[in-house]
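Here is the file structure.txt (compact mmCIF, C-alpha atoms and all ligand atoms).
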```
# COMPACT_ATOMS: atom_id res chain seq x y z
CA MET J 1 39.64 85.55 142.19
CA ASN J 2 39.69 88.92 143.82
CA THR J 3 41.95 90.24 141.08
CA PHE J 4 39.53 88.92 138.51
CA VAL J 5 36.55 90.61 140.18
CA ASN J 6 38.50 93.86 140.51
CA ALA J 7 39.47 93.78 136.87
CA PHE J 8 35.89 93.02 135.87
CA VAL J 9 34.49 95.84 137.98
CA SER J 10 37.04 98.27 136.67
CA ILE J 11 36.31 97.35 133.05
CA LEU J 12 32.60 97.70 133.74
CA LEU J 13 33.12 101.06 135.37
CA ARG J 14 35.28 102.25 132.51
CA THR J 15 32.66 101.21 129.98
CA VAL J 16 29.94 103.05 131.90
CA LEU J 17 32.13 106.16 132.17
CA LEU J 18 33.00 106.08 128.49
CA ALA J 19 29.38 105.67 127.51
CA GLY J 20 28.61 108.63 129.77
CA ALA J 21 31.34 110.73 128.16
CA LEU J 22 30.04 109.96 124.69
CA LEU J 23 26.43 110.59 125.64
CA ALA J 24 27.42 113.91 127.17
CA SER J 25 29.21 114.93 124.00
CA GLY J 26 26.40 113.63 121.84
CA THR J 27 28.81 111.84 119.48
CA GLN J 28 29.39 108.27 118.37
CA ALA J 29 32.60 106.52 119.38
CA ALA J 30 35.07 106.98 116.58
CA THR J 31 38.42 105.49 115.67
CA ILE J 32 40.78 108.29 114.79
CA ARG J 33 43.90 107.48 112.82
CA LEU J 34 46.71 109.78 113.82
CA ALA J 35 49.92 110.10 111.80
CA CYS J 36 52.88 111.08 113.99
CA SER J 37 56.54 111.14 113.24
CA GLY J 38 58.95 109.25 115.46
CA VAL J 39 62.06 111.42 115.74
CA GLY J 40 63.52 110.93 119.24
CA GLN J 41 60.65 110.65 121.71
CA GLU J 42 58.02 112.07 119.37
CA LEU J 43 56.07 108.88 118.85
CA GLN J 44 55.84 108.08 122.55
CA PHE J 45 54.64 111.57 123.41
CA CYS J 46 52.15 111.53 120.61
CA ARG J 47 50.76 108.20 121.76
CA ASP J 48 50.59 109.26 125.43
CA ALA J 49 48.54 112.37 124.74
CA ALA J 50 46.28 110.65 122.21
CA ASP J 51 45.58 107.79 124.63
CA THR J 52 44.63 110.22 127.38
CA TRP J 53 42.22 111.98 125.04
CA ALA J 54 40.75 108.68 123.82
CA ARG J 55 40.21 107.51 127.40
CA ASP J 56 38.55 110.76 128.43
CA LYS J 57 36.36 111.12 125.37
CA GLY J 58 35.46 107.50 124.77
CA HIS J 59 37.04 107.32 121.33
CA GLU J 60 39.83 105.16 120.03
CA VAL J 61 43.07 106.40 118.48
CA GLN J 62 45.24 104.34 116.19
CA ILE J 63 48.71 105.68 115.58
CA VAL J 64 49.88 105.53 111.99
CA THR J 65 53.66 105.50 111.95
CA VAL J 66 55.18 107.57 109.19
CA PRO J 67 58.79 108.08 108.06
CA ASN J 68 61.04 110.27 110.20
CA SER J 69 62.45 112.01 107.15
CA ALA J 70 60.36 115.10 106.47
CA SER J 71 60.77 114.57 102.72
CA GLU J 72 59.59 110.96 102.79
CA ARG J 73 56.70 111.88 105.06
CA LEU J 74 55.59 114.60 102.67
CA ALA J 75 55.63 112.16 99.75
CA LEU J 76 53.46 109.72 101.71
CA TYR J 77 50.97 112.42 102.73
CA GLN J 78 50.75 113.72 99.18
CA GLN J 79 50.01 110.24 97.94
CA LEU J 80 47.33 109.58 100.57
CA LEU J 81 45.67 112.97 100.35
CA SER J 82 45.64 113.32 96.60
CA ALA J 83 43.88 109.93 96.47
CA GLY J 84 41.25 111.34 98.87
CA SER J 85 42.06 108.53 101.31
CA ASP J 86 40.33 108.38 104.67
CA LYS J 87 43.14 106.20 106.09
CA VAL J 88 44.42 109.11 108.15
CA ASP J 89 42.27 111.55 110.08
CA VAL J 90 44.87 113.67 111.87
CA LEU J 91 48.32 114.45 110.51
CA GLN J 92 51.42 115.94 112.03
CA ILE J 93 52.52 118.44 109.41
CA ASP J 94 55.71 120.42 108.98
CA VAL J 95 55.73 124.22 109.17
CA ILE J 96 56.62 124.24 105.45
CA TRP J 97 53.61 122.25 104.26
CA PRO J 98 50.43 124.30 104.76
CA GLY J 99 50.82 125.70 101.23
CA LEU J 100 51.50 122.27 99.77
CA LEU J 101 48.79 120.31 101.55
CA GLY J 102 46.29 122.99 102.57
CA GLN J 103 43.71 122.15 99.89
CA HIS J 104 43.29 118.68 101.45
CA LEU J 105 42.99 119.92 105.03
CA LEU J 106 39.98 120.95 107.03
CA ASP J 107 39.50 124.57 108.11
CA LEU J 108 39.98 124.37 111.89
CA ARG J 109 39.00 127.97 112.58
CA PRO J 110 35.44 127.15 113.70
CA TYR J 111 36.83 124.70 116.27
CA ALA J 112 39.80 126.74 117.43
CA LYS J 113 38.35 130.25 117.81
CA GLN J 114 38.83 130.33 121.58
CA VAL J 115 42.49 129.34 121.61
CA LEU J 116 43.93 130.93 118.52
CA ALA J 117 45.03 134.18 120.14
CA GLN J 118 47.15 132.22 122.64
CA HIS J 119 49.50 130.96 119.92
CA PHE J 120 52.31 133.05 118.42
CA PRO J 121 50.69 134.94 115.55
CA GLY J 122 53.50 133.99 113.14
CA PHE J 123 52.60 130.32 113.37
CA VAL J 124 48.90 130.99 112.97
CA ALA J 125 49.63 133.13 109.91
CA ASN J 126 51.87 130.40 108.51
CA ASN J 127 49.04 127.88 108.88
CA THR J 128 46.45 130.13 107.31
CA GLN J 129 45.87 129.55 103.61
CA GLN J 130 43.36 131.74 101.80
CA GLY J 131 41.74 132.58 105.12
CA ARG J 132 41.47 128.92 106.16
CA LEU J 133 43.28 127.67 109.26
CA VAL J 134 44.59 124.38 107.91
CA ALA J 135 46.48 123.27 111.04
CA LEU J 136 46.95 124.16 114.70
CA PRO J 137 50.52 124.94 115.81
CA TRP J 138 51.96 122.21 118.02
CA PHE J 139 55.66 122.85 118.59
CA ALA J 140 58.25 125.27 117.31
CA ASN J 141 61.76 124.49 116.13
CA ALA J 142 64.86 126.54 115.44
CA GLY J 143 68.30 125.17 114.62
CA LEU J 144 70.62 125.17 117.65
CA LEU J 145 74.27 124.47 118.36
CA PHE J 146 74.79 121.79 121.00
CA TYR J 147 78.25 121.55 122.51
CA ARG J 148 80.09 119.42 125.02
CA SER J 149 80.65 121.89 127.85
CA ASP J 150 83.04 119.48 129.61
CA LEU J 151 85.27 119.19 126.56
CA LEU J 152 85.33 122.92 125.86
CA GLU J 153 86.33 123.51 129.46
CA LYS J 154 88.96 120.77 129.45
CA HIS J 155 90.59 122.18 126.32
CA ALA J 156 90.08 125.83 127.35
CA GLU J 157 88.00 126.66 124.27
CA PRO J 158 85.18 129.25 124.32
CA VAL J 159 81.72 128.54 122.92
CA PRO J 160 82.26 129.42 119.26
CA THR J 161 80.40 132.36 117.80
CA THR J 162 81.72 132.09 114.24
CA TRP J 163 82.02 129.07 111.94
CA GLN J 164 85.79 129.62 111.79
CA GLN J 165 86.03 129.37 115.56
CA LEU J 166 83.87 126.27 115.53
CA SER J 167 86.03 124.60 112.87
CA ARG J 168 89.20 125.43 114.76
CA SER J 169 87.93 124.27 118.18
CA ALA J 170 86.38 121.15 116.72
CA ARG J 171 89.67 120.22 115.08
CA LYS J 172 91.75 120.93 118.15
CA ILE J 173 89.52 119.01 120.56
CA GLN J 174 88.95 116.14 118.15
CA ASP J 175 92.68 115.69 117.61
CA ALA J 176 93.54 115.95 121.30
CA GLU J 177 90.80 113.52 122.33
CA ARG J 178 91.82 111.03 119.66
CA ALA J 179 95.44 111.26 120.79
CA ALA J 180 94.23 110.57 124.33
CA GLY J 181 92.55 107.34 123.20
CA GLN J 182 89.06 108.49 122.07
CA ALA J 183 89.65 107.09 118.61
CA ARG J 184 86.07 107.69 117.44
CA MET J 185 85.82 111.33 118.46
CA TRP J 186 84.57 113.78 115.79
CA GLY J 187 84.37 117.55 115.86
CA PHE J 188 80.95 118.37 114.43
CA VAL J 189 77.87 116.41 113.38
CA TRP J 190 74.84 117.73 111.50
CA GLN J 191 72.29 116.68 108.89
CA GLY J 192 73.93 116.16 105.49
CA ARG J 193 71.64 113.61 103.84
CA ALA J 194 69.97 114.74 100.61
CA TYR J 195 66.58 115.69 102.13
CA GLU J 196 64.73 118.60 103.71
CA GLY J 197 66.99 118.57 106.77
CA LEU J 198 69.98 119.44 104.57
CA SER J 199 68.05 122.38 103.16
CA CYS J 200 67.61 123.55 106.78
CA ASN J 201 71.33 123.20 107.58
CA ALA J 202 72.50 124.73 104.30
CA LEU J 203 70.09 127.66 104.61
CA GLU J 204 71.68 128.39 108.00
CA TRP J 205 75.18 128.38 106.49
CA VAL J 206 74.09 130.60 103.62
CA ALA J 207 72.01 133.05 105.67
CA SER J 208 74.71 133.28 108.36
CA HIS J 209 77.14 134.40 105.64
CA ASP J 210 74.58 136.99 104.51
CA GLY J 211 74.04 135.01 101.35
CA GLY J 212 70.24 135.40 101.32
CA THR J 213 67.44 132.87 101.60
CA ILE J 214 67.68 131.02 98.23
CA VAL J 215 64.61 132.85 96.89
CA GLU J 216 63.93 136.28 98.37
CA PRO J 217 60.49 137.40 99.58
CA ASP J 218 60.02 139.38 96.35
CA GLY J 219 60.48 136.20 94.30
CA LYS J 220 64.02 136.86 93.12
CA VAL J 221 66.28 133.81 92.96
CA SER J 222 69.30 134.94 94.98
CA ILE J 223 71.27 131.77 95.68
CA HIS J 224 73.93 132.26 92.99
CA ASN J 225 76.14 134.68 94.92
CA PRO J 226 79.71 134.57 96.28
CA ARG J 227 78.67 134.54 99.96
CA ALA J 228 76.40 131.55 99.46
CA ALA J 229 79.24 129.82 97.62
CA GLN J 230 81.63 130.62 100.44
CA ALA J 231 79.13 129.20 102.96
CA LEU J 232 78.77 125.91 101.08
CA ALA J 233 82.52 125.64 100.52
CA THR J 234 83.10 126.18 104.25
CA ALA J 235 80.78 123.29 105.08
CA ALA J 236 82.27 121.05 102.40
CA ALA J 237 85.68 121.50 104.01
CA TRP J 238 84.36 119.92 107.25
CA VAL J 239 83.50 116.62 105.59
CA GLY J 240 86.11 113.96 106.35
CA GLN J 241 87.98 116.50 108.53
CA ILE J 242 85.87 117.45 111.54
CA SER J 243 82.70 115.68 110.37
CA PRO J 244 82.61 111.99 109.43
CA THR J 245 82.03 111.33 105.72
CA ALA J 246 78.94 109.44 106.85
CA VAL J 247 77.40 112.82 107.75
CA LEU J 248 76.42 112.93 104.07
CA ASN J 249 73.82 110.34 104.99
CA TYR J 250 72.83 111.67 108.42
CA ALA J 251 69.36 112.88 109.30
CA GLU J 252 68.49 114.17 112.79
CA GLU J 253 68.65 110.86 114.61
CA GLU J 254 71.94 109.68 113.09
CA SER J 255 73.70 112.86 114.18
CA ARG J 256 72.16 112.65 117.64
CA GLY J 257 73.27 109.02 117.90
CA VAL J 258 76.91 110.06 117.48
CA PHE J 259 76.68 113.10 119.75
CA GLN J 260 74.82 111.27 122.46
CA ALA J 261 77.28 108.38 122.40
CA GLY J 262 79.86 111.00 123.40
CA GLN J 263 81.60 110.90 120.03
CA ALA J 264 81.25 114.49 118.85
CA VAL J 265 82.17 117.86 120.30
CA PHE J 266 79.46 119.87 118.48
CA MET J 267 76.11 119.06 116.96
CA ARG J 268 73.60 121.09 114.97
CA SER J 269 70.09 119.95 115.81
CA TRP J 270 66.62 120.95 117.01
CA PRO J 271 65.49 121.48 120.64
CA TYR J 272 64.21 117.90 121.08
CA ALA J 273 67.82 116.71 121.40
CA TRP J 274 68.24 118.55 124.71
CA ALA J 275 65.85 116.40 126.79
CA LEU J 276 67.42 113.25 125.39
CA ALA J 277 70.98 114.41 126.01
CA GLN J 278 70.03 115.24 129.59
CA ALA J 279 68.00 112.08 130.24
CA GLN J 280 68.90 109.50 132.89
CA GLY J 281 71.37 107.09 131.40
CA SER J 282 72.58 109.46 128.67
CA ALA J 283 76.37 109.27 128.29
CA ILE J 284 76.55 113.08 128.07
CA ARG J 285 74.08 114.04 130.81
CA GLY J 286 75.25 117.23 132.53
CA LYS J 287 77.96 117.80 129.91
CA VAL J 288 75.98 119.66 127.27
CA GLY J 289 75.38 123.31 126.49
CA VAL J 290 73.20 124.97 123.87
CA ALA J 291 74.08 128.13 121.94
CA LEU J 292 73.11 130.10 118.87
CA LEU J 293 74.51 128.71 115.64
CA PRO J 294 77.71 130.55 114.63
CA ARG J 295 77.95 133.56 112.34
CA GLY J 296 79.69 133.53 109.00
CA GLU J 297 82.63 135.85 108.46
CA PRO J 298 83.15 138.58 107.55
CA GLY J 299 80.07 140.47 108.60
CA GLY J 300 77.76 137.50 108.92
CA ARG J 301 75.03 136.93 111.45
CA HIS J 302 73.49 134.21 113.59
CA ALA J 303 70.88 132.30 111.64
CA ALA J 304 68.61 129.49 112.70
CA THR J 305 66.21 127.82 110.31
CA LEU J 306 62.68 128.05 111.56
CA GLY J 307 60.98 124.70 111.81
CA GLY J 308 58.16 123.19 113.72
CA GLU J 309 55.13 121.04 113.44
CA SER J 310 51.38 121.46 113.51
CA LEU J 311 48.38 119.16 113.66
CA ALA J 312 45.89 119.05 110.83
CA VAL J 313 42.68 117.20 110.04
CA SER J 314 42.23 115.60 106.64
CA LYS J 315 39.26 116.85 104.64
CA TYR J 316 38.55 113.22 103.82
CA SER J 317 38.17 112.17 107.44
CA LYS J 318 34.81 110.62 108.27
CA HIS J 319 35.16 111.84 111.86
CA ALA J 320 35.97 115.50 111.44
CA ALA J 321 34.51 116.72 114.74
CA ALA J 322 36.25 114.09 116.85
CA ALA J 323 39.49 114.56 114.90
CA ALA J 324 39.38 118.33 115.44
CA ASP J 325 38.72 117.75 119.13
CA LEU J 326 41.82 115.54 119.32
CA VAL J 327 43.88 118.27 117.64
CA LEU J 328 42.60 120.86 120.09
CA TYR J 329 43.53 118.63 123.00
CA MET J 330 46.97 117.69 121.68
CA SER J 331 47.89 121.32 121.07
CA SER J 332 46.43 122.58 124.37
CA ALA J 333 48.52 124.18 127.12
CA PRO J 334 48.67 121.15 129.46
CA VAL J 335 49.91 118.85 126.68
CA GLN J 336 52.38 121.42 125.33
CA LYS J 337 53.66 121.95 128.86
CA ASP J 338 54.13 118.23 129.43
CA ARG J 339 55.96 117.92 126.10
CA ALA J 340 58.18 120.88 127.00
CA LEU J 341 59.02 119.48 130.44
CA ARG J 342 59.69 115.90 129.41
CA GLY J 343 60.71 116.31 125.80
CA SER J 344 62.08 119.87 125.44
CA PHE J 345 59.64 120.62 122.63
CA ASN J 346 59.29 124.39 122.27
CA PRO J 347 55.68 125.44 122.86
CA THR J 348 53.77 127.51 120.35
CA LEU J 349 51.75 129.12 123.17
CA ARG J 350 53.16 132.44 124.30
CA ALA J 351 52.28 132.06 127.99
CA LEU J 352 54.35 128.89 128.39
CA TYR J 353 57.56 130.89 127.87
CA ARG J 354 56.85 132.50 131.25
CA ASP J 355 56.34 129.15 132.97
CA ALA J 356 59.07 128.72 135.61
CA GLU J 357 59.06 124.91 135.46
CA ILE J 358 59.50 124.91 131.70
CA LEU J 359 62.33 127.43 131.84
CA GLN J 360 64.05 125.47 134.58
CA ALA J 361 63.86 122.21 132.63
CA ASN J 362 65.00 123.93 129.42
CA PRO J 363 67.27 126.87 130.26
CA PHE J 364 67.90 127.46 126.54
CA MET J 365 64.24 128.31 125.97
CA GLY J 366 64.65 131.42 128.10
CA GLU J 367 68.26 132.21 127.27
CA LEU J 368 67.90 131.62 123.57
CA VAL J 369 64.57 133.27 122.84
CA ASP J 370 66.96 134.98 120.52
CA SER J 371 67.21 131.90 118.36
CA PHE J 372 63.64 132.65 117.31
CA GLU J 373 64.60 136.25 116.70
CA HIS J 374 67.46 135.08 114.51
CA ALA J 375 65.22 132.56 112.83
CA VAL J 376 65.24 132.37 109.07
CA ALA J 377 62.14 131.10 107.35
CA ARG J 378 62.50 128.84 104.36
CA PRO J 379 61.09 130.55 101.25
CA THR J 380 57.71 128.84 101.44
CA ALA J 381 55.55 131.94 101.47
CA VAL J 382 56.87 133.16 98.12
CA THR J 383 57.36 129.82 96.34
CA GLY J 384 54.03 128.38 97.50
CA ALA J 385 53.14 125.07 95.89
CA ARG J 386 56.62 124.85 94.33
CA TYR J 387 58.56 125.04 97.60
CA ASN J 388 59.32 121.34 97.66
CA GLN J 389 60.82 121.44 94.16
CA VAL J 390 62.92 124.45 95.15
CA SER J 391 64.13 122.72 98.28
CA HIS J 392 64.82 119.49 96.39
CA ALA J 393 67.01 121.32 93.88
CA PHE J 394 68.77 123.21 96.68
CA TRP J 395 69.53 120.16 98.84
CA ASN J 396 70.83 118.29 95.79
CA ALA J 397 73.14 121.18 94.89
CA ALA J 398 74.36 121.39 98.49
CA HIS J 399 74.88 117.62 98.60
CA ASP J 400 76.93 117.74 95.40
CA VAL J 401 79.20 120.35 96.95
CA LEU J 402 79.54 118.50 100.26
CA SER J 403 80.39 115.23 98.55
CA GLY J 404 82.97 116.90 96.31
CA ARG J 405 81.08 116.14 93.09
CA ASP J 406 80.93 119.84 92.33
CA THR J 407 82.50 123.08 93.47
CA ALA J 408 80.26 125.55 95.22
CA PRO J 409 80.34 128.23 92.46
CA GLU J 410 79.58 125.62 89.79
CA ALA J 411 76.76 124.00 91.73
CA LEU J 412 75.14 127.37 92.40
CA ALA J 413 75.60 128.49 88.81
CA ARG J 414 73.64 125.39 87.78
CA LEU J 415 71.04 125.77 90.50
CA GLU J 416 70.11 129.31 89.51
CA PRO J 417 68.53 128.55 86.10
CA THR J 418 66.76 125.50 87.56
CA LEU J 419 65.11 127.70 90.18
CA LYS J 420 64.37 130.41 87.66
CA ARG J 421 62.63 127.86 85.46
CA LEU J 422 60.56 126.73 88.43
CA SER J 423 59.58 130.32 89.10
CA ARG J 424 58.30 130.83 85.56
CA ARG J 425 60.31 134.03 85.09
CA GLY J 426 60.06 135.35 88.63
CA LYS J 427 56.34 134.65 89.06
CA TRP J 428 55.85 131.96 91.63
CA ASN J 429 52.12 132.01 92.20
C1 LIG O 1 62.19 119.26 111.88
C2 LIG O 1 61.50 120.60 111.67
C3 LIG O 1 60.96 120.72 110.28
C4 LIG O 1 62.03 120.42 109.26
C5 LIG O 1 62.65 119.06 109.52
C6 LIG O 1 63.83 118.80 108.59
O1 LIG O 1 61.24 118.23 111.88
O2 LIG O 1 60.44 120.76 112.58
O3 LIG O 1 60.43 122.01 110.09
O4 LIG O 1 61.53 120.49 107.96
O5 LIG O 1 63.12 118.99 110.84
O6 LIG O 1 64.39 117.57 108.82
```

Output the file's structure in the form of structure tokens.
Amino acid sequence: MNTFVNAFVSILLRTVLLAGALLASGTQAATIRLACSGVGQELQFCRDAADTWARDKGHEVQIVTVPNSASERLALYQQLLSAGSDKVDVLQIDVIWPGLLGQHLLDLRPYAKQVLAQHFPGFVANNTQQGRLVALPWFANAGLLFYRSDLLEKHAEPVPTTWQQLSRSARKIQDAERAAGQARMWGFVWQGRAYEGLSCNALEWVASHDGGTIVEPDGKVSIHNPRAAQALATAAAWVGQISPTAVLNYAEEESRGVFQAGQAVFMRSWPYAWALAQAQGSAIRGKVGVALLPRGEPGGRHAATLGGESLAVSKYSKHAAAAADLVLYMSSAPVQKDRALRGSFNPTLRALYRDAEILQANPFMGELVDSFEHAVARPTAVTGARYNQVSHAFWNAAHDVLSGRDTAPEALARLEPTLKRLSRRGKWN
């Protein structure tokens, strides 16, 4: 009985508090539909923060689950937004989409004036389309090399700084571990499925061999060059040797599954994989290091594809003010700090990189600030609305090379005219 009374009183109290919160804000209770991706712990974190906001503000949030694959998610958003649908109010959008989706997104500048200067200016600029702030930065990504520190130590191998070193160490450790009974050990896992993630991986290989960025900032299609071909051929030689053939169908979570099960020496992924590798119960807890992705040789450089996600409000939302308030809350310092501590999501707020707790939980964020310095942006600024077609053609060409359907020089020779056609003779916009 007591429990019943307690529950009743607490529900009553909650209702009174919520009504108070709404009265104070002068708004009606709204149901906000929030589209979040679910890579790793993303969905859980998204839900946690949204629930806190809903409780505090007296609104309701419904999570709309969307595909983990960036490419599939984009297709879904394009479908919903071009139909003017109000089925989603707030959307998690990729750093490469402001140009593609911006026309359907609300200008958040009037809501975000106070906080904008706290974010890295590069992200704010990326999210600004024709003077409109179409999304607020939420977390930053850059490709990283994860390695098994215990295995490198056991086999007296250094952390590789070139792709050649990585291939050699991966092979040596894989073979030795297999001979010692770890039959399922592989050298290197990454994202080789034909989707946006492969464009990210392949851009790193190409840029680290000084082979350019597919389309250069001046609009020139640069991908058909011997260094880019060498980069793709190098990666193709891993498949079936140090990388399982199944890597050709791996996205982020498939590669993490193998690495986290203790069945790979190296993995290319994004920062989120760190917190999961180090979590209680992880088979590789305490056995993982993070480094810059290797350089190509000769004369290459470290390159990490710049990624990240922002939060946007659909223009077709019937609850724009509440939706914008949710975005402000979700991208605020306390939420970004919580996500950094528990989920190793890189903040987009400058000050958090001086936060001792964050740096302690994620040593790589301090040690590898460099990975942002070495970051390579995908050619979205220059290709604008046609970026997705460019990327689609690029990931297909890369996939053909990786799967042995085509040689690298042939695939790139075919890709060049396709991209040139897309550019309408060098004019992208
Ligand atoms: C991550 C990055 C995003 C990238 C995607 C590719 O989600 O944040 O920028 O496009 O991975 O899979």

Determine, using all atoms listed in the file, which residues of chain J have any atom at most 8 Å from an atom of ligand LIG 1 (chain O), and tabulate each with its shortest atom pair and distance in Å to one decimal place, rows ordered by chain and then rising number, as JSON lines.
```
{"residue": "J:Val39", "atom": "CA", "partner": "O:LIG1", "partner_atom": "O1", "distance": 7.9}
{"residue": "J:Ser69", "atom": "CA", "partner": "O:LIG1", "partner_atom": "O6", "distance": 6.1}
{"residue": "J:Ala70", "atom": "CA", "partner": "O:LIG1", "partner_atom": "O6", "distance": 5.3}
{"residue": "J:Ser71", "atom": "CA", "partner": "O:LIG1", "partner_atom": "O6", "distance": 7.7}
{"residue": "J:Asp94", "atom": "CA", "partner": "O:LIG1", "partner_atom": "O3", "distance": 5.1}
{"residue": "J:Val95", "atom": "CA", "partner": "O:LIG1", "partner_atom": "O3", "distance": 5.3}
{"residue": "J:Ile96", "atom": "CA", "partner": "O:LIG1", "partner_atom": "O3", "distance": 6.4}
{"residue": "J:Phe139", "atom": "CA", "partner": "O:LIG1", "partner_atom": "O2", "distance": 8.0}
{"residue": "J:Ala140", "atom": "CA", "partner": "O:LIG1", "partner_atom": "O2", "distance": 6.9}
{"residue": "J:Asn141", "atom": "CA", "partner": "O:LIG1", "partner_atom": "O2", "distance": 5.3}
{"residue": "J:Ala142", "atom": "CA", "partner": "O:LIG1", "partner_atom": "C2", "distance": 7.8}
{"residue": "J:Gln191", "atom": "CA", "partner": "O:LIG1", "partner_atom": "O6", "distance": 8.0}
{"residue": "J:Tyr195", "atom": "CA", "partner": "O:LIG1", "partner_atom": "O6", "distance": 7.3}
{"residue": "J:Glu196", "atom": "CA", "partner": "O:LIG1", "partner_atom": "C6", "distance": 5.0}
{"residue": "J:Gly197", "atom": "CA", "partner": "O:LIG1", "partner_atom": "O6", "distance": 3.5}
{"residue": "J:Leu198", "atom": "CA", "partner": "O:LIG1", "partner_atom": "O6", "distance": 7.3}
{"residue": "J:Ser199", "atom": "CA", "partner": "O:LIG1", "partner_atom": "C6", "distance": 7.8}
{"residue": "J:Cys200", "atom": "CA", "partner": "O:LIG1", "partner_atom": "C6", "distance": 6.3}
{"residue": "J:Ala251", "atom": "CA", "partner": "O:LIG1", "partner_atom": "O6", "distance": 6.9}
{"residue": "J:Glu252", "atom": "CA", "partner": "O:LIG1", "partner_atom": "O6", "distance": 6.6}
{"residue": "J:Trp270", "atom": "CA", "partner": "O:LIG1", "partner_atom": "C1", "distance": 7.0}
{"residue": "J:Leu306", "atom": "CA", "partner": "O:LIG1", "partner_atom": "O3", "distance": 6.6}
{"residue": "J:Gly307", "atom": "CA", "partner": "O:LIG1", "partner_atom": "O3", "distance": 3.2}
{"residue": "J:Gly308", "atom": "CA", "partner": "O:LIG1", "partner_atom": "O2", "distance": 3.5}
{"residue": "J:Glu309", "atom": "CA", "partner": "O:LIG1", "partner_atom": "O2", "distance": 5.4}
```

Next item on the list: Starting from the point (36.7, 107.8, 119.2), work out which residues of protein, DNA or RNA have an atom no more than 9 Å away when counting all atoms listed in the file; state them as a VMD selection string.
Entry: chain J and resid 22 27 to 32 54 to 55 57 to 61 319 322 to 323

Item checked: Selected residue of minimal separation from Pro409 in chain J among J:Val258, J:Ala183, J:Ala397, J:Ile242, counting all atoms listed in the file ->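 The closest residue to Pro409 in chain J is J:Ala397.
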
Check: Got a sec to check which residues sit within 12 Å of (49.8, 130.0, 122.0), counting all atoms listed in the file, and write them as a ChimeraX atom specification?
Finding: /J:112,114-124,136-140,328,331-334,336-337,346-354

Notebook entry, point to check: So what do you get for CA of Met185 in chain J versus CA of His302 in chain J, distance-wise?
Noted result: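 Taking CA of Met185 in chain J as the start and CA of His302 in chain J as the end point, the length is 26.4 Å.
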
Next item on the list: Compare J:Asn249, J:Asn362, J:Thr161, J:Ser269 by their minimum atom-to-atom distance to Gly300 in chain J, counting only C-alpha atoms, and give me the closest one.
Entry: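 Of all the options, J:Thr161 lies closest to Gly300 in chain J.
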
Item checked: Straight-line distance linking CA of Asp325 in chain J with CA of Val313 in chain J, stated in Å to one decimal -> 9.9 Å

Margin query: Would you pick out the contacts of Gly296 in chain J at 9 Å or less, using all atoms listed in the file, so that residues sharing its chain but fewer than 6 positions from it are not included, and give the list as a list in words?
Written below: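 So the residues in contact are Thr161, Thr162, Trp163, Gln164, Trp205, Val206, Ala207, Ser208, His209, Asp210, Ala231 and His302 of chain J.
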
Next item on the list: Give the answer as one residue: which of J:Ala381, J:Ile173, J:Val189, J:Ala303 has the shortest atom-to-atom distance to Gly211 in chain J, using all atoms listed in the file?
Entry: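 With all atoms listed in the file as the atom set, the closest residue is J:Ala303.
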
Margin query: Let me make sure I understand: among J:Ala275, J:Ala312, J:Leu34, J:Leu293, which one has the smallest atom-to-atom distance to Ala361 in chain J if we use only C-alpha atoms?
Written below: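 With only C-alpha atoms as the atom set, the closest residue is J:Ala275.
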
Next item on the list: Work out how far apart CA of Arg421 in chain J and CA of Asp406 in chain J are and give it in Å to one decimal.
Entry: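 A separation of 21.1 Å between them.
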
Notebook entry, point to check: When distances are computed from all atoms listed in the file, which of J:Phe45, J:Tyr77, J:Trp428, J:Phe266 shows the smallest separation from Arg339 in chain J?
Noted result: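 Smallest distance to Arg339 in chain J is found for J:Phe45.
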
Check: Which residue out of J:Ser344, J:Ser282, J:Thr380, J:Ser255 has the minimum interatomic distance to Asn127 in chain J when only C-alpha atoms are used?
Finding: J:Thr380

Next item on the list: Identify, on the basis of only C-alpha atoms, every residue whose closest approach to Leu151 in chain J does not exceed 9 Å; exclude the query and any residue fewer than 6 positions from it along the same chain; express the result as an MDAnalysis selection string.
Entry: chainID J and resid 157 173 177 265 287

How close does each residue of range 263-328 of chain J get to range 98-106 of chain J, giving the shortest atom pair and distance in Å to one decimal for every residue with an atom at most 9 Å away, counting all atoms listed in the file, sorted by chain and residue number, as JSON lines?
```
{"residue": "J:Ala312", "atom": "CA", "partner": "J:Leu105", "partner_atom": "CA", "distance": 6.5}
{"residue": "J:Val313", "atom": "CA", "partner": "J:Leu106", "partner_atom": "CA", "distance": 5.5}
{"residue": "J:Ser314", "atom": "CA", "partner": "J:Leu105", "partner_atom": "CA", "distance": 4.7}
{"residue": "J:Lys315", "atom": "CA", "partner": "J:Leu106", "partner_atom": "CA", "distance": 4.8}
{"residue": "J:Tyr316", "atom": "CA", "partner": "J:His104", "partner_atom": "CA", "distance": 7.6}
{"residue": "J:Ser317", "atom": "CA", "partner": "J:Leu106", "partner_atom": "CA", "distance": 9.0}
{"residue": "J:Ala320", "atom": "CA", "partner": "J:Leu106", "partner_atom": "CA", "distance": 8.1}
{"residue": "J:Ala324", "atom": "CA", "partner": "J:Leu106", "partner_atom": "CA", "distance": 8.8}
```

Notebook entry, point to check: Which neighbours of Leu422 in chain J fall inside 12 Å, counting only C-alpha atoms, when residues of the same chain fewer than 6 positions from it are skipped, and could you give them as a list in words?
Noted result: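 Skipping anything fewer than 6 positions along the chain leaves Val215, Gly219, Lys220, Val221, Thr383, Gly384, Ala385, Arg386, Tyr387, Asn388, Gln389, Val390, Ser391, His392, Ala393, Leu415, Glu416, Trp428 and Asn429 of chain J.
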